[in-house]
>>> print(open('data.tsv').read())   # TSV, C-alpha atoms
chain	number	residue	atom	x	y	z
A	1016	MET	CA	41.75	38.85	40.63
A	1017	LEU	CA	44.56	39.27	43.21
A	1018	PRO	CA	43.68	42.89	44.19
A	1019	ARG	CA	40.07	41.83	44.67
A	1020	LEU	CA	41.11	39.02	47.01
A	1021	LEU	CA	43.47	41.24	49.01
A	1022	ARG	CA	40.99	44.04	49.81
A	1023	PRO	CA	38.25	43.78	52.48
A	1024	GLN	CA	35.04	42.41	51.04
A	1025	SER	CA	32.16	44.87	51.11
A	1026	SER	CA	29.60	42.31	50.05
A	1027	LEU	CA	29.83	38.72	51.22
A	1028	ARG	CA	27.35	37.47	48.66
A	1029	ALA	CA	29.06	39.29	45.78
A	1030	ALA	CA	32.47	37.97	46.70
A	1031	SER	CA	31.40	34.38	46.98
A	1032	SER	CA	29.46	34.48	43.73
A	1033	PHE	CA	32.78	34.26	41.90
A	1034	VAL	CA	33.52	30.86	43.41
A	1035	GLN	CA	32.06	27.87	41.69
A	1036	LYS	CA	30.55	25.31	44.01
A	1037	PRO	CA	32.69	22.14	44.00
A	1038	VAL	CA	31.14	18.76	43.47
A	1039	SER	CA	31.88	16.11	46.09
A	1040	ALA	CA	34.41	13.59	44.83
A	1041	LEU	CA	32.79	10.85	46.85
A	1042	PRO	CA	30.24	8.65	45.12
A	1043	ARG	CA	27.09	7.80	47.06
A	1044	PHE	CA	27.79	4.31	48.30
A	1045	GLN	CA	24.95	1.91	48.90
A	1046	TYR	CA	25.37	1.21	52.60
A	1047	ARG	CA	23.53	2.04	55.75
A	1048	SER	CA	24.65	5.50	56.86
A	1049	PHE	CA	24.81	5.73	60.65
A	1050	HIS	CA	26.68	9.04	60.70
A	1051	ARG	CA	24.66	11.94	59.36
A	1052	VAL	CA	24.97	15.70	59.09
A	1053	PRO	CA	23.10	17.07	62.13
A	1054	LYS	CA	20.63	19.92	61.99
A	1055	LEU	CA	21.82	23.15	63.54
A	1056	THR	CA	19.59	25.25	65.79
A	1057	ASN	CA	19.06	27.77	62.97
A	1058	ASP	CA	19.65	25.30	60.15
A	1059	ASP	CA	16.89	26.36	57.76
A	1060	HIS	CA	17.61	30.06	58.23
A	1061	PHE	CA	21.34	29.58	57.62
A	1062	LYS	CA	20.79	27.47	54.49
A	1063	ASN	CA	18.47	30.06	52.95
A	1064	ASN	CA	20.13	33.26	54.10
A	1065	GLY	CA	23.62	32.43	55.32
A	1066	ILE	CA	24.64	34.19	58.53
A	1067	SER	CA	23.92	37.91	58.24
A	1068	GLU	CA	27.03	40.12	58.08
A	1069	PHE	CA	29.26	37.11	58.69
A	1070	MET	CA	28.89	34.26	56.18
A	1071	SER	CA	27.17	34.30	52.80
A	1072	PRO	CA	24.77	31.49	51.84
A	1073	GLU	CA	27.39	30.15	49.40
A	1074	ALA	CA	30.13	30.15	52.03
A	1075	PHE	CA	27.83	28.51	54.58
A	1076	ASP	CA	26.91	25.82	52.08
A	1077	PHE	CA	30.60	25.22	51.34
A	1078	ALA	CA	31.92	25.25	54.93
A	1079	TRP	CA	29.00	23.48	56.60
A	1080	THR	CA	26.70	21.54	54.27
A	1081	GLN	CA	29.26	20.33	51.74
A	1082	TYR	CA	32.26	20.00	54.06
A	1083	GLN	CA	30.34	18.31	56.88
A	1084	SER	CA	28.78	15.95	54.33
A	1085	LEU	CA	32.26	15.03	53.09
A	1086	LEU	CA	33.42	14.28	56.65
A	1087	VAL	CA	30.34	12.17	57.36
A	1088	ASP	CA	30.64	10.27	54.06
A	1089	LYS	CA	34.29	9.49	54.78
A	1090	LEU	CA	33.45	8.39	58.32
A	1091	ASN	CA	30.71	6.09	57.08
A	1092	LEU	CA	33.05	4.61	54.49
A	1093	LEU	CA	35.79	3.98	57.07
A	1094	THR	CA	33.50	2.42	59.68
A	1095	GLN	CA	30.95	0.48	57.63
A	1096	ASP	CA	30.61	-3.17	58.59
A	1097	THR	CA	32.64	-2.61	61.78
A	1098	PRO	CA	31.67	-2.27	65.47
A	1099	ASP	CA	32.26	1.49	65.03
A	1100	ALA	CA	29.55	1.92	62.40
A	1101	ASP	CA	27.06	3.36	64.90
A	1102	ALA	CA	29.56	5.03	67.26
A	1103	LYS	CA	29.31	8.79	67.54
A	1104	PRO	CA	32.23	10.92	66.29
A	1105	GLY	CA	32.99	12.01	69.85
A	1106	GLU	CA	33.32	8.39	70.93
A	1107	LEU	CA	35.55	7.57	67.97
A	1108	LEU	CA	37.95	10.47	68.47
A	1109	VAL	CA	38.59	9.40	72.07
A	1110	LYS	CA	38.80	5.71	71.20
A	1111	TYR	CA	41.41	6.20	68.48
A	1112	SER	CA	43.38	9.18	69.79
A	1113	ARG	CA	46.18	6.80	70.85
A	1114	ARG	CA	46.01	4.53	67.81
A	1115	PRO	CA	48.24	5.93	65.02
A	1116	GLU	CA	47.13	3.18	62.65
A	1117	MET	CA	43.55	4.52	63.01
A	1118	ALA	CA	44.53	8.13	62.33
A	1119	SER	CA	42.08	8.47	59.43
A	1120	VAL	CA	39.09	7.56	61.58
A	1121	PHE	CA	40.28	9.94	64.29
A	1122	ASN	CA	40.83	12.80	61.83
A	1123	TYR	CA	37.39	12.60	60.21
A	1124	ALA	CA	35.59	12.01	63.51
A	1125	SER	CA	37.40	14.85	65.27
A	1126	MET	CA	36.90	17.28	62.38
A	1127	ALA	CA	33.20	16.39	62.17
A	1128	HIS	CA	32.86	17.09	65.89
A	1129	ASN	CA	34.92	20.31	65.89
A	1130	ASN	CA	33.17	21.74	62.83
A	1131	HIS	CA	29.77	21.02	64.38
A	1132	PHE	CA	30.85	22.63	67.66
A	1133	PHE	CA	31.83	25.79	65.75
A	1134	PHE	CA	28.63	26.13	63.74
A	1135	ASN	CA	26.43	25.19	66.69
A	1136	CYS	CA	27.68	28.26	68.58
A	1137	LEU	CA	26.55	30.71	65.87
A	1138	ALA	CA	23.44	32.90	65.77
A	1139	PRO	CA	21.74	34.68	62.84
A	1140	THR	CA	21.88	38.01	64.71
A	1141	SER	CA	23.82	39.51	67.59
A	1142	THR	CA	22.99	38.05	71.02
A	1143	GLN	CA	23.55	39.36	74.52
A	1144	ILE	CA	25.80	37.57	76.99
A	1145	PRO	CA	23.67	36.29	79.90
A	1146	GLU	CA	24.29	38.42	82.98
A	1147	LYS	CA	25.61	35.63	85.22
A	1148	PHE	CA	27.97	34.36	82.53
A	1149	ALA	CA	29.17	37.90	81.80
A	1150	LYS	CA	30.07	38.28	85.47
A	1151	ASP	CA	32.05	35.02	85.36
A	1152	ILE	CA	33.92	36.29	82.30
A	1153	VAL	CA	34.79	39.52	84.13
A	1154	ASP	CA	35.93	37.56	87.20
A	1155	THR	CA	38.33	35.35	85.23
A	1156	CYS	CA	39.27	37.54	82.21
A	1157	SER	CA	38.97	41.07	83.72
A	1158	SER	CA	36.42	42.08	81.03
A	1159	VAL	CA	34.52	40.82	78.01
A	1160	GLU	CA	36.60	43.12	75.82
A	1161	SER	CA	39.80	41.64	77.23
A	1162	LEU	CA	38.54	38.12	76.46
A	1163	LYS	CA	37.69	39.23	72.91
A	1164	LEU	CA	41.09	40.82	72.31
A	1165	ASP	CA	43.00	37.78	73.61
A	1166	PHE	CA	40.80	35.30	71.74
A	1167	LEU	CA	40.93	37.09	68.38
A	1168	ALA	CA	44.65	37.83	68.69
A	1169	THR	CA	45.32	34.13	69.34
A	1170	ALA	CA	43.21	33.09	66.36
A	1171	ASN	CA	44.66	35.71	64.01
A	1172	ALA	CA	48.23	34.76	64.93
A	1173	MET	CA	47.58	31.05	64.42
A	1174	PHE	CA	49.62	29.89	61.42
A	1175	GLY	CA	47.87	27.06	59.66
A	1176	PRO	CA	44.41	25.49	59.94
A	1177	GLY	CA	42.74	24.48	63.17
A	1178	PHE	CA	40.45	25.76	65.90
A	1179	VAL	CA	40.82	28.17	68.83
A	1180	TRP	CA	38.90	27.19	71.95
A	1181	LEU	CA	37.55	28.80	75.09
A	1182	ALA	CA	37.35	26.18	77.82
A	1183	LYS	CA	36.29	25.96	81.44
A	1184	ASN	CA	38.72	24.54	83.97
A	1185	LEU	CA	37.32	21.36	85.55
A	1186	GLU	CA	39.63	21.56	88.55
A	1187	ARG	CA	39.30	25.20	89.60
A	1188	GLU	CA	35.82	26.71	89.49
A	1189	GLY	CA	35.51	29.87	87.41
A	1190	LEU	CA	38.78	29.71	85.48
A	1191	MET	CA	38.68	29.83	81.68
A	1192	HIS	CA	41.42	29.13	79.16
A	1193	ILE	CA	42.12	30.01	75.52
A	1194	PHE	CA	44.12	27.49	73.51
A	1195	CYS	CA	44.65	26.22	69.96
A	1196	THR	CA	44.28	22.83	68.35
A	1197	TYR	CA	45.87	22.40	64.93
A	1198	ASN	CA	44.42	20.45	62.01
A	1199	ALA	CA	41.98	17.86	63.44
A	1200	GLY	CA	43.37	18.03	66.98
A	1201	SER	CA	40.90	17.51	69.81
A	1202	PRO	CA	40.44	19.79	72.85
A	1203	TYR	CA	39.33	16.99	75.18
A	1204	PRO	CA	41.59	15.63	77.94
A	1205	ALA	CA	40.45	12.11	77.07
A	1206	ALA	CA	41.98	12.60	73.60
A	1207	HIS	CA	45.01	14.60	74.73
A	1208	SER	CA	47.35	12.39	72.69
A	1209	ARG	CA	45.97	14.18	69.64
A	1210	ARG	CA	45.38	17.64	71.08
A	1211	GLN	CA	47.99	19.05	68.66
A	1212	ALA	CA	48.26	22.20	70.73
A	1213	VAL	CA	51.20	23.59	68.75
A	1214	ASP	CA	52.27	23.75	65.13
A	1215	MET	CA	54.50	20.69	65.05
A	1216	ALA	CA	56.11	21.95	61.86
A	1217	THR	CA	57.91	24.54	64.00
A	1218	HIS	CA	58.56	22.47	67.16
A	1219	SER	CA	60.69	19.37	67.59
A	1220	PRO	CA	59.34	16.54	69.79
A	1221	ASP	CA	61.88	17.33	72.54
A	1222	ALA	CA	61.04	21.04	72.73
A	1223	PRO	CA	60.15	22.25	76.27
A	1224	LEU	CA	56.40	22.66	75.77
A	1225	GLY	CA	55.13	21.57	79.18
A	1226	ASN	CA	53.67	18.54	77.45
A	1227	GLN	CA	56.70	17.93	75.27
A	1228	TYR	CA	54.86	15.39	73.15
A	1229	ALA	CA	51.94	17.63	72.31
A	1230	GLY	CA	50.28	16.40	69.18
A	1231	ALA	CA	52.71	13.51	68.85
A	1232	MET	CA	51.71	10.05	67.71
A	1233	GLY	CA	53.43	6.70	67.41
A	1234	ALA	CA	55.99	5.77	70.07
A	1235	HIS	CA	55.10	8.73	72.29
A	1236	ALA	CA	51.36	8.08	72.51
A	1237	GLN	CA	51.40	4.91	74.63
A	1238	ASN	CA	53.80	6.51	77.13
A	1239	GLN	CA	51.44	9.30	78.12
A	1240	LYS	CA	49.25	9.25	81.21
A	1241	MET	CA	45.53	9.99	81.16
A	1242	LEU	CA	46.45	13.66	81.52
A	1243	ALA	CA	49.72	14.59	79.83
A	1244	PRO	CA	52.41	16.41	81.89
A	1245	GLY	CA	51.36	20.02	82.15
A	1246	ALA	CA	47.92	19.36	80.66
A	1247	LEU	CA	44.78	20.95	82.05
A	1248	ASP	CA	41.53	19.15	82.73
A	1249	VAL	CA	39.22	21.40	80.73
A	1250	GLN	CA	35.87	21.33	78.94
A	1251	PRO	CA	35.45	23.41	75.74
A	1252	ILE	CA	32.53	25.83	75.62
A	1253	LEU	CA	33.26	27.87	72.44
A	1254	CYS	CA	35.48	27.65	69.37
A	1255	VAL	CA	36.28	29.44	66.12
A	1256	ASN	CA	37.26	27.65	62.92
A	1257	THR	CA	40.52	28.98	61.41
A	1258	TRP	CA	40.63	26.59	58.45
A	1259	GLU	CA	41.00	28.66	55.27
A	1260	HIS	CA	37.91	27.20	53.62
A	1261	ALA	CA	35.78	28.78	56.38
A	1262	TRP	CA	36.76	32.38	55.56
A	1263	MET	CA	38.57	32.77	52.21
A	1264	MET	CA	35.44	32.54	50.05
A	1265	ASP	CA	33.89	35.63	51.65
A	1266	TYR	CA	36.93	37.56	52.84
A	1267	GLY	CA	39.77	36.73	50.47
A	1268	ILE	CA	43.40	35.89	51.22
A	1269	GLY	CA	43.98	38.78	53.60
A	1270	GLY	CA	40.59	38.79	55.30
A	1271	LYS	CA	41.11	36.55	58.31
A	1272	ASP	CA	41.03	39.41	60.81
A	1273	GLU	CA	37.73	40.73	59.42
A	1274	TYR	CA	36.29	37.20	59.50
A	1275	LEU	CA	37.20	36.89	63.19
A	1276	GLU	CA	35.73	40.29	64.08
A	1277	ARG	CA	32.45	39.46	62.35
A	1278	TRP	CA	32.39	36.00	63.93
A	1279	TRP	CA	32.56	37.49	67.43
A	1280	ASP	CA	29.38	39.47	66.68
A	1281	ARG	CA	27.55	36.28	65.67
A	1282	ILE	CA	28.38	34.11	68.69
A	1283	ASN	CA	25.29	32.53	70.21
A	1284	TRP	CA	26.06	33.43	73.83
A	1285	ASP	CA	23.05	31.52	75.13
A	1286	VAL	CA	24.56	28.29	73.76
A	1287	VAL	CA	28.00	29.18	75.15
A	1288	ALA	CA	26.52	29.96	78.58
A	1289	ASP	CA	24.64	26.64	78.51
A	1290	ASN	CA	27.92	24.85	77.70
A	1291	TYR	CA	29.61	26.68	80.57
A	1292	ASN	CA	26.86	25.95	83.10
A	1293	ALA	CA	26.74	22.26	82.15
A	1294	VAL	CA	30.36	21.78	83.21
A	1295	SER	CA	30.90	20.69	86.80
A	1296	SER	CA	34.03	21.45	88.80
A	1297	LEU	CA	35.91	18.20	89.37
A	1298	GLN	CA	38.90	16.90	91.27
A	1299	ALA	CA	42.12	16.54	89.25
A	1300	GLY	CA	42.31	13.48	87.04
A	1301	ARG	CA	38.64	12.50	87.33
A	1302	GLN	CA	36.64	11.51	84.26
A	1303	THR	CA	33.44	13.46	83.71
A	1304	ALA	CA	30.10	12.66	82.20
A	1305	ASN	CA	30.06	16.24	80.95
A	1306	TRP	CA	32.61	15.26	78.30
A	1307	ASN	CA	29.91	13.06	76.81
A	1308	ARG	CA	27.55	16.02	76.45
A	1309	SER	CA	29.84	17.63	73.90
A	1310	LEU	CA	31.43	14.47	72.53
A	1311	ASN	CA	28.02	13.09	71.57
A	1312	MET	CA	26.86	16.17	69.70
A	1313	LEU	CA	26.65	14.29	66.38
>>> encode(input="data.tsv", output="structure tokens")
Amino acid sequence: MLPRLLRPQSSLRAASSFVQKPVSALPRFQYRSFHRVPKLTNDDHFKNNGISEFMSPEAFDFAWTQYQSLLVDKLNLLTQDTPDADAKPGELLVKYSRRPEMASVFNYASMAHNNHFFFNCLAPTSTQIPEKFAKDIVDTCSSVESLKLDFLATANAMFGPGFVWLAKNLEREGLMHIFCTYNAGSPYPAAHSRRQAVDMATHSPDAPLGNQYAGAMGAHAQNQKMLAPGALDVQPILCVNTWEHAWMMDYGIGGKDEYLERWWDRINWDVVADNYNAVSSLQAGRQTANWNRSLNML
């Protein structure tokens, strides 16, 4: 079994056929479910065929249908019979990013949002980068290939589960940034108290990180300003999921780099360009209605 997991997988469907589909541990409670698993742009195609040359139907079912259902079920259970029962995950993750006693609601809401963001930026086949957006990438990243190398290197070097984001700077038109969020950390400035931009297992709270309380909760959270020291006012436009359950089924223990390479070839660049164009350049510290566009995805 171990040699099979360690070598690159030649057939995504064959590899994932060895993994038995888990059964959700959550019973189906009899309550009104406000939070639901959303339909993706290519939902029916993905469910029937997976994502060609990237994710098998079994892996897609595991990482999207089953996992997103678990997040939604948990969120419904935690918010039923409360004022938050009909609040969108994006609203909840901002509302409770500074409330350590509400960490469970934040975690499930933020993961539901992040996972949806990832799958919503996927296409069943390779897509072309729109010409205007490609020019903007060249202007800020020197080339599309340079952006790819930096993005995939960041994701491959990331130790532990999370997401790697490409974001547009809201203060300086045209600038883009690559950064990580660990676990259920959120990329939004409004939820910066739970950005979790570093692996806190390897950094102490007083480490010189620019925002020295990155990812911190408890006593630190209420002392932070709307934008943490050193934080950037950015809007995410693309992300990749580096949680192990998203890639191990198809690619095995040592297959993260192949997963990332194949993911890049299945980015829906039309969606990413739309995300980019929807973001307005703002003055430092201003709130933006554009946050709501992504925060209300579910």
>>> closest_residue(input="data.tsv", among="A:Thr1142, A:Pro1098, A:Asn1292, A:Thr1257", to="Asn1184 of chain A", atoms="all atoms listed in the file")
A:Asn1292
>>> closest_residue(input="data.tsv", among="A:Met1264, A:Phe1148, A:Asp1289, A:Trp1279", to="Glu1073 of chain A", atoms="all atoms listed in the file")
A:Met1264
>>> atom_distance(input="data.tsv", atom1="atom CA of Leu1190 of chain A", atom2="atom CA of Val1249 of chain A")
9.6 Å
>>> closest_residue(input="data.tsv", among="A:Lys1062, A:Gln1250, A:Phe1069, A:Tyr1123", to="Glu1186 of chain A", atoms="only C-alpha atoms")
A:Gln1250
>>> residues_around(input="data.tsv", residues="segment 1164-1177 of chain A", least_positions_apart="5", cutoff="6 Å", atoms="only C-alpha atoms", output="number ranges by chain")
A: 1196-1198, 1257-1258
>>> atom_distance(input="data.tsv", atom1="atom CA of Lys1103 of chain A", atom2="atom CA of Leu1253 of chain A")
20.1 Å
>>> closest_residue(input="data.tsv", among="A:Ser1112, A:Lys1163, A:Leu1137, A:Asp1272", to="Pro1204 of chain A", atoms="all atoms listed in the file")
A:Ser1112
>>> closest_residue(input="data.tsv", among="A:Leu1090, A:Ile1282, A:Val1109, A:Ala1149", to="Ser1067 of chain A", atoms="all atoms listed in the file")
A:Ile1282
>>> residues_around(input="data.tsv", residues="Val1179 of chain A", least_positions_apart="5", cutoff="7 Å", atoms="all atoms listed in the file", output="list in words")
Ala1170, Phe1194, Cys1195, Thr1196, Cys1254, Val1255 and Asn1256 of chain A
>>> closest_residue(input="data.tsv", among="A:Ser1157, A:Asn1290, A:Gln1095, A:Thr1080", to="Asp1058 of chain A", atoms="only C-alpha atoms")
A:Thr1080
>>> atom_distance(input="data.tsv", atom1="atom CA of Gln1081 of chain A", atom2="atom CA of Asn1283 of chain A")
22.5 Å
>>> residues_near_point(input="data.tsv", point="(44.0, 3.5, 64.9)", cutoff="12 Å", atoms="only C-alpha atoms", output="list in words")
Leu1093, Thr1094, Asp1099, Leu1107, Leu1108, Val1109, Lys1110, Tyr1111, Ser1112, Arg1113, Arg1114, Pro1115, Glu1116, Met1117, Ala1118, Ser1119, Val1120, Phe1121, Asn1122, Arg1209, Met1232, Gly1233 and Ala1236 of chain A
